[in-house]
Structure formats: structure tokens, C-alpha cells
Amino acid sequence: MIINPISNGIVIDHITAGKGMTLYNILNLAQLDCSVAIIKNADSVKMGKKDIIKIDRVIDLNFDAVAYIDPDVTINIIRDGQLVKRKHLDIPERVEGVIRCTNPRCITSTEQELPHIFKLADREKRIYRCIYCESKAKNKTLD
């Protein structure tokens with residue numbers, strides 16, 4: 001399989017194997033009118049297997065959403081065929097529009113225009129809580 005290198009764009013690397021499609025959906029990459037390559041289960045010395053996403057354009061990414069789904073990814077910005085920036089993400093303090101509150105009594109259940117916002121409650125265990133009702137996130141994304 002040959003996937004050409006990109007000259008201007010973004011490479012999301014070191015995605016945990018199997019999480020590439022989740023990131024693709026959360027970031028709405030299907031809406032782009034440029035080339036997007038998803039490489040699943042690529043061999044990796046460091047990880048064994050990994051996913052990679054290549055976007056043939058520099059776009060604004062929701063880094064909080066990426067870091068929530070997989071905080072160990074590496075974001076590489078490519079310009080004129082050269083790596084100009086490498087970014088390692090950290091677990092975000094706040095996530096908006098990625099997790100859905102499952103509490104039927106939460107205001108987000110009745111007021112559908114309210115954004116689903118969660119704050120980090122426990123960094124070690126990666127526990128997030130709804131800012132409206134304090135319910136613990138069940139790690140279900142908005143797909």
C-alpha cells in the first residue's frame with residue numbers, strides 16, 4: 001500500500017489502534033473537501049500497532065476532543081513537505097461537545113440546545129463530570 005506524503009497538512013500519529021475512526025468521526029473529517037487518509041493497525045516499534053490520520057490541509061482541530069479520545073497522540077504540522085511543529089497533547093481540563101450526559105434528569109436532556117460540557121474530576125483515573133449535574137461521564141461520545 002502506498003500513501004503519498006503530504007506537503008501541507010496535519011498528521012495525527014500514535015493513535016491507539018482502533019481509535020482512528022472515532023477521531024475521524026468526532027473531528028468531522030468526512031466534511032472536508034481535501035484528502036484524508038486513515039491508516040489502521042500500522043506496525044509500530046513503540047506501540048505494536050497504531051492508527052494514523054493524514055489530512056492534506058492545515059485545519060483547526062479540536063485538540064481537547066483529540067486528547068480526550070487518546071491523550072497519547074502526536075500532532076504533526078507539515079508545511080512545504082517539512083515538519084514545522086510537533087505537538088504532544090495532555091488530558092484536557094474541560095471537554096465540550098464530545099461526551100453526552102446520560103443522566104435523564106440533567107438539564108441537557110430537556111434543554112437540547114445546551115452544550116454537553118464536562119470537567120476533569122480525577123486526572124489519574126481520567127474521570128470527567130457534567131458541569132450541570134455532576135454525573136460521571138460514561139465515555140460515550142456524541143457520534
# chains A, B, ... in the order shown; residues from 1 in each chain; ligands from 1
$ residues_around --residues "Lys138 of chain A" --least-positions-apart "6" --cutoff "10 Å" --atoms "only C-alpha atoms" --output "list in words"
Ile99, Arg100, Cys101, Thr102, Ile127, Tyr128 and Arg129 of chain A
$ closest_atom_pairs --of "segment 62-94 of chain A" --to "segment 50-58 of chain A" --cutoff "12 Å" --atoms "only C-alpha atoms" --output "JSON lines"
{"residue": "A:Val66", "atom": "CA", "partner": "A:Ile53", "partner_atom": "CA", "distance": 11.7}
{"residue": "A:Asp70", "atom": "CA", "partner": "A:Asp51", "partner_atom": "CA", "distance": 11.1}
{"residue": "A:Asp72", "atom": "CA", "partner": "A:Lys50", "partner_atom": "CA", "distance": 11.1}
{"residue": "A:Val73", "atom": "CA", "partner": "A:Ile52", "partner_atom": "CA", "distance": 9.3}
{"residue": "A:Thr74", "atom": "CA", "partner": "A:Ile52", "partner_atom": "CA", "distance": 9.7}
{"residue": "A:Ile75", "atom": "CA", "partner": "A:Ile53", "partner_atom": "CA", "distance": 9.7}
{"residue": "A:Asn76", "atom": "CA", "partner": "A:Lys54", "partner_atom": "CA", "distance": 9.5}
{"residue": "A:Ile77", "atom": "CA", "partner": "A:Val58", "partner_atom": "CA", "distance": 7.3}
{"residue": "A:Ile78", "atom": "CA", "partner": "A:Val58", "partner_atom": "CA", "distance": 7.9}
{"residue": "A:Arg79", "atom": "CA", "partner": "A:Val58", "partner_atom": "CA", "distance": 8.5}
{"residue": "A:Asp80", "atom": "CA", "partner": "A:Arg57", "partner_atom": "CA", "distance": 11.3}
{"residue": "A:Gly81", "atom": "CA", "partner": "A:Asp56", "partner_atom": "CA", "distance": 11.0}
{"residue": "A:Val84", "atom": "CA", "partner": "A:Val58", "partner_atom": "CA", "distance": 11.7}
{"residue": "A:Lys85", "atom": "CA", "partner": "A:Val58", "partner_atom": "CA", "distance": 11.7}
$ write_last_selection --atoms "all heavy atoms" --output "compact mmCIF listing (two decimals), in the first residue's frame"
# COMPACT_ATOMS: atom_id res chain seq x y z
N VAL A 66 -9.47 15.51 20.69
CA VAL A 66 -8.43 14.52 20.35
C VAL A 66 -7.81 13.97 21.62
O VAL A 66 -7.68 12.76 21.79
CB VAL A 66 -7.35 15.13 19.43
CG1 VAL A 66 -6.21 14.15 19.21
CG2 VAL A 66 -7.95 15.57 18.10
N ASP A 70 -7.79 10.14 22.91
CA ASP A 70 -6.50 9.46 23.01
C ASP A 70 -5.40 10.48 23.33
O ASP A 70 -4.85 11.10 22.43
CB ASP A 70 -6.19 8.74 21.69
CG ASP A 70 -5.05 7.75 21.82
OD1 ASP A 70 -4.36 7.73 22.85
OD2 ASP A 70 -4.85 6.97 20.87
N ASP A 72 -2.39 10.24 24.10
CA ASP A 72 -1.00 9.91 23.75
C ASP A 72 -0.66 10.18 22.28
O ASP A 72 0.42 9.84 21.83
CB ASP A 72 -0.71 8.45 24.08
CG ASP A 72 -0.84 8.19 25.58
OD1 ASP A 72 -0.47 9.08 26.37
OD2 ASP A 72 -1.32 7.10 25.95
N VAL A 73 -1.59 10.78 21.53
CA VAL A 73 -1.32 11.04 20.12
C VAL A 73 -0.28 12.14 19.96
O VAL A 73 -0.02 12.92 20.88
CB VAL A 73 -2.60 11.42 19.33
CG1 VAL A 73 -3.66 10.37 19.45
CG2 VAL A 73 -3.11 12.77 19.74
N THR A 74 0.28 12.19 18.76
CA THR A 74 1.20 13.26 18.39
C THR A 74 0.60 13.97 17.19
O THR A 74 0.16 13.32 16.24
CB THR A 74 2.58 12.67 17.99
OG1 THR A 74 3.07 11.88 19.07
CG2 THR A 74 3.57 13.77 17.68
N ILE A 75 0.54 15.29 17.24
CA ILE A 75 0.05 16.09 16.13
C ILE A 75 1.26 16.67 15.41
O ILE A 75 2.07 17.37 16.02
CB ILE A 75 -0.86 17.25 16.62
CG1 ILE A 75 -1.97 16.75 17.52
CG2 ILE A 75 -1.37 18.07 15.44
CD1 ILE A 75 -3.04 15.96 16.85
N ASN A 76 1.38 16.37 14.12
CA ASN A 76 2.48 16.89 13.31
C ASN A 76 1.92 17.84 12.26
O ASN A 76 1.03 17.46 11.49
CB ASN A 76 3.23 15.74 12.61
CG ASN A 76 3.85 14.79 13.62
OD1 ASN A 76 4.62 15.19 14.46
ND2 ASN A 76 3.49 13.53 13.52
N ILE A 77 2.44 19.06 12.23
CA ILE A 77 2.05 20.05 11.24
C ILE A 77 3.13 20.06 10.15
O ILE A 77 4.31 20.25 10.43
CB ILE A 77 1.93 21.47 11.84
CG1 ILE A 77 1.03 21.46 13.08
CG2 ILE A 77 1.45 22.47 10.79
CD1 ILE A 77 -0.40 21.08 12.84
N ILE A 78 2.69 19.86 8.91
CA ILE A 78 3.60 19.78 7.76
C ILE A 78 3.36 21.00 6.87
O ILE A 78 2.21 21.29 6.50
CB ILE A 78 3.35 18.50 6.94
CG1 ILE A 78 3.27 17.26 7.83
CG2 ILE A 78 4.36 18.36 5.82
CD1 ILE A 78 4.53 16.90 8.55
N ARG A 79 4.42 21.71 6.51
CA ARG A 79 4.36 22.82 5.55
C ARG A 79 5.49 22.65 4.55
O ARG A 79 6.64 22.43 4.94
CB ARG A 79 4.45 24.16 6.26
CG ARG A 79 3.22 24.47 7.08
CD ARG A 79 2.87 25.94 7.08
NE ARG A 79 1.55 26.15 7.64
CZ ARG A 79 1.30 26.32 8.93
NH1 ARG A 79 2.27 26.32 9.80
NH2 ARG A 79 0.06 26.51 9.34
N ASP A 80 5.16 22.77 3.28
CA ASP A 80 6.14 22.61 2.20
C ASP A 80 6.93 21.31 2.34
O ASP A 80 8.13 21.27 2.11
CB ASP A 80 7.09 23.82 2.14
CG ASP A 80 6.35 25.11 1.84
OD1 ASP A 80 5.41 25.06 1.01
OD2 ASP A 80 6.69 26.15 2.43
N GLY A 81 6.25 20.26 2.77
CA GLY A 81 6.85 18.95 2.89
C GLY A 81 7.74 18.75 4.10
O GLY A 81 8.35 17.70 4.26
N VAL A 84 7.03 21.22 10.64
CA VAL A 84 7.29 22.53 11.24
C VAL A 84 6.90 22.58 12.72
O VAL A 84 7.39 23.43 13.46
CB VAL A 84 6.60 23.68 10.48
CG1 VAL A 84 7.17 23.83 9.09
CG2 VAL A 84 5.10 23.52 10.44
N LYS A 85 6.02 21.66 13.14
CA LYS A 85 5.61 21.66 14.54
C LYS A 85 5.15 20.27 14.93
O LYS A 85 4.42 19.61 14.20
CB LYS A 85 4.48 22.67 14.76
CG LYS A 85 4.07 22.82 16.21
CD LYS A 85 3.04 23.92 16.36
CE LYS A 85 2.70 24.13 17.81
NZ LYS A 85 1.69 25.17 17.99
$ select_by_dssp --residues "chain A" --states "strand (DSSP E)" --output "ChimeraX atom specification"
/A:9-16,36-44,48-55,74-79,82-88,94-96,117-122,127-130
$ write_last_selection --atoms "C-alpha atoms" --output "mmCIF file, in the first residue's frame"
data_model
loop_
_atom_site.group_PDB
_atom_site.id
_atom_site.type_symbol
_atom_site.label_atom_id
_atom_site.label_comp_id
_atom_site.auth_asym_id
_atom_site.auth_seq_id
_atom_site.Cartn_x
_atom_site.Cartn_y
_atom_site.Cartn_z
ATOM 1 C CA GLY A 9 -1.346 19.364 6.265
ATOM 2 C CA ILE A 10 -1.623 17.525 9.540
ATOM 3 C CA VAL A 11 -0.621 14.030 10.577
ATOM 4 C CA ILE A 12 -2.218 12.653 13.731
ATOM 5 C CA ASP A 13 0.192 9.904 14.735
ATOM 6 C CA HIS A 14 0.469 7.362 17.555
ATOM 7 C CA ILE A 15 -3.298 6.864 17.784
ATOM 8 C CA THR A 16 -4.127 3.792 19.843
ATOM 9 C CA VAL A 36 -7.901 12.342 4.361
ATOM 10 C CA ALA A 37 -6.123 9.014 4.850
ATOM 11 C CA ILE A 38 -6.831 6.701 7.766
ATOM 12 C CA ILE A 39 -4.248 4.015 8.332
ATOM 13 C CA LYS A 40 -5.437 1.353 10.744
ATOM 14 C CA ASN A 41 -3.270 -1.154 12.592
ATOM 15 C CA ALA A 42 0.027 0.111 11.218
ATOM 16 C CA ASP A 43 3.098 -1.581 12.672
ATOM 17 C CA SER A 44 4.805 0.469 15.372
ATOM 18 C CA GLY A 48 2.991 -2.619 18.494
ATOM 19 C CA LYS A 49 0.035 -1.429 16.388
ATOM 20 C CA LYS A 50 -1.277 2.092 15.857
ATOM 21 C CA ASP A 51 -3.643 4.161 13.724
ATOM 22 C CA ILE A 52 -2.602 7.259 11.768
ATOM 23 C CA ILE A 53 -4.715 10.011 10.190
ATOM 24 C CA LYS A 54 -3.270 12.199 7.425
ATOM 25 C CA ILE A 55 -5.133 15.376 6.454
ATOM 26 C CA THR A 74 1.203 13.256 18.386
ATOM 27 C CA ILE A 75 0.046 16.092 16.131
ATOM 28 C CA ASN A 76 2.483 16.894 13.312
ATOM 29 C CA ILE A 77 2.051 20.053 11.235
ATOM 30 C CA ILE A 78 3.595 19.785 7.765
ATOM 31 C CA ARG A 79 4.358 22.816 5.545
ATOM 32 C CA GLN A 82 8.693 19.684 6.134
ATOM 33 C CA LEU A 83 7.690 19.055 9.733
ATOM 34 C CA VAL A 84 7.291 22.532 11.244
ATOM 35 C CA LYS A 85 5.610 21.659 14.544
ATOM 36 C CA ARG A 86 5.128 18.564 16.658
ATOM 37 C CA LYS A 87 2.614 18.761 19.471
ATOM 38 C CA HIS A 88 2.062 16.274 22.277
ATOM 39 C CA ARG A 94 -12.717 20.606 30.059
ATOM 40 C CA VAL A 95 -14.397 18.834 27.145
ATOM 41 C CA GLU A 96 -17.289 20.309 25.183
ATOM 42 C CA ILE A 117 -19.686 20.170 28.865
ATOM 43 C CA PHE A 118 -17.628 18.028 31.198
ATOM 44 C CA LYS A 119 -14.806 18.952 33.561
ATOM 45 C CA LEU A 120 -11.933 16.748 34.640
ATOM 46 C CA ALA A 121 -12.602 15.497 38.168
ATOM 47 C CA ASP A 122 -9.781 12.962 38.582
ATOM 48 C CA ILE A 127 -12.875 10.791 35.280
ATOM 49 C CA TYR A 128 -14.998 13.614 33.875
ATOM 50 C CA ARG A 129 -18.177 15.049 35.397
ATOM 51 C CA CYS A 130 -21.014 17.007 33.795
#
$ closest_residue --among "A:Lys125, A:Phe63, A:Gln112, A:Pro104" --to "Leu27 of chain A" --atoms "only C-alpha atoms"
A:Phe63
$ closest_residue --among "A:Asn8, A:Tyr132, A:Arg126, A:Ile69" --to "Leu114 of chain A" --atoms "only C-alpha atoms"
A:Tyr132
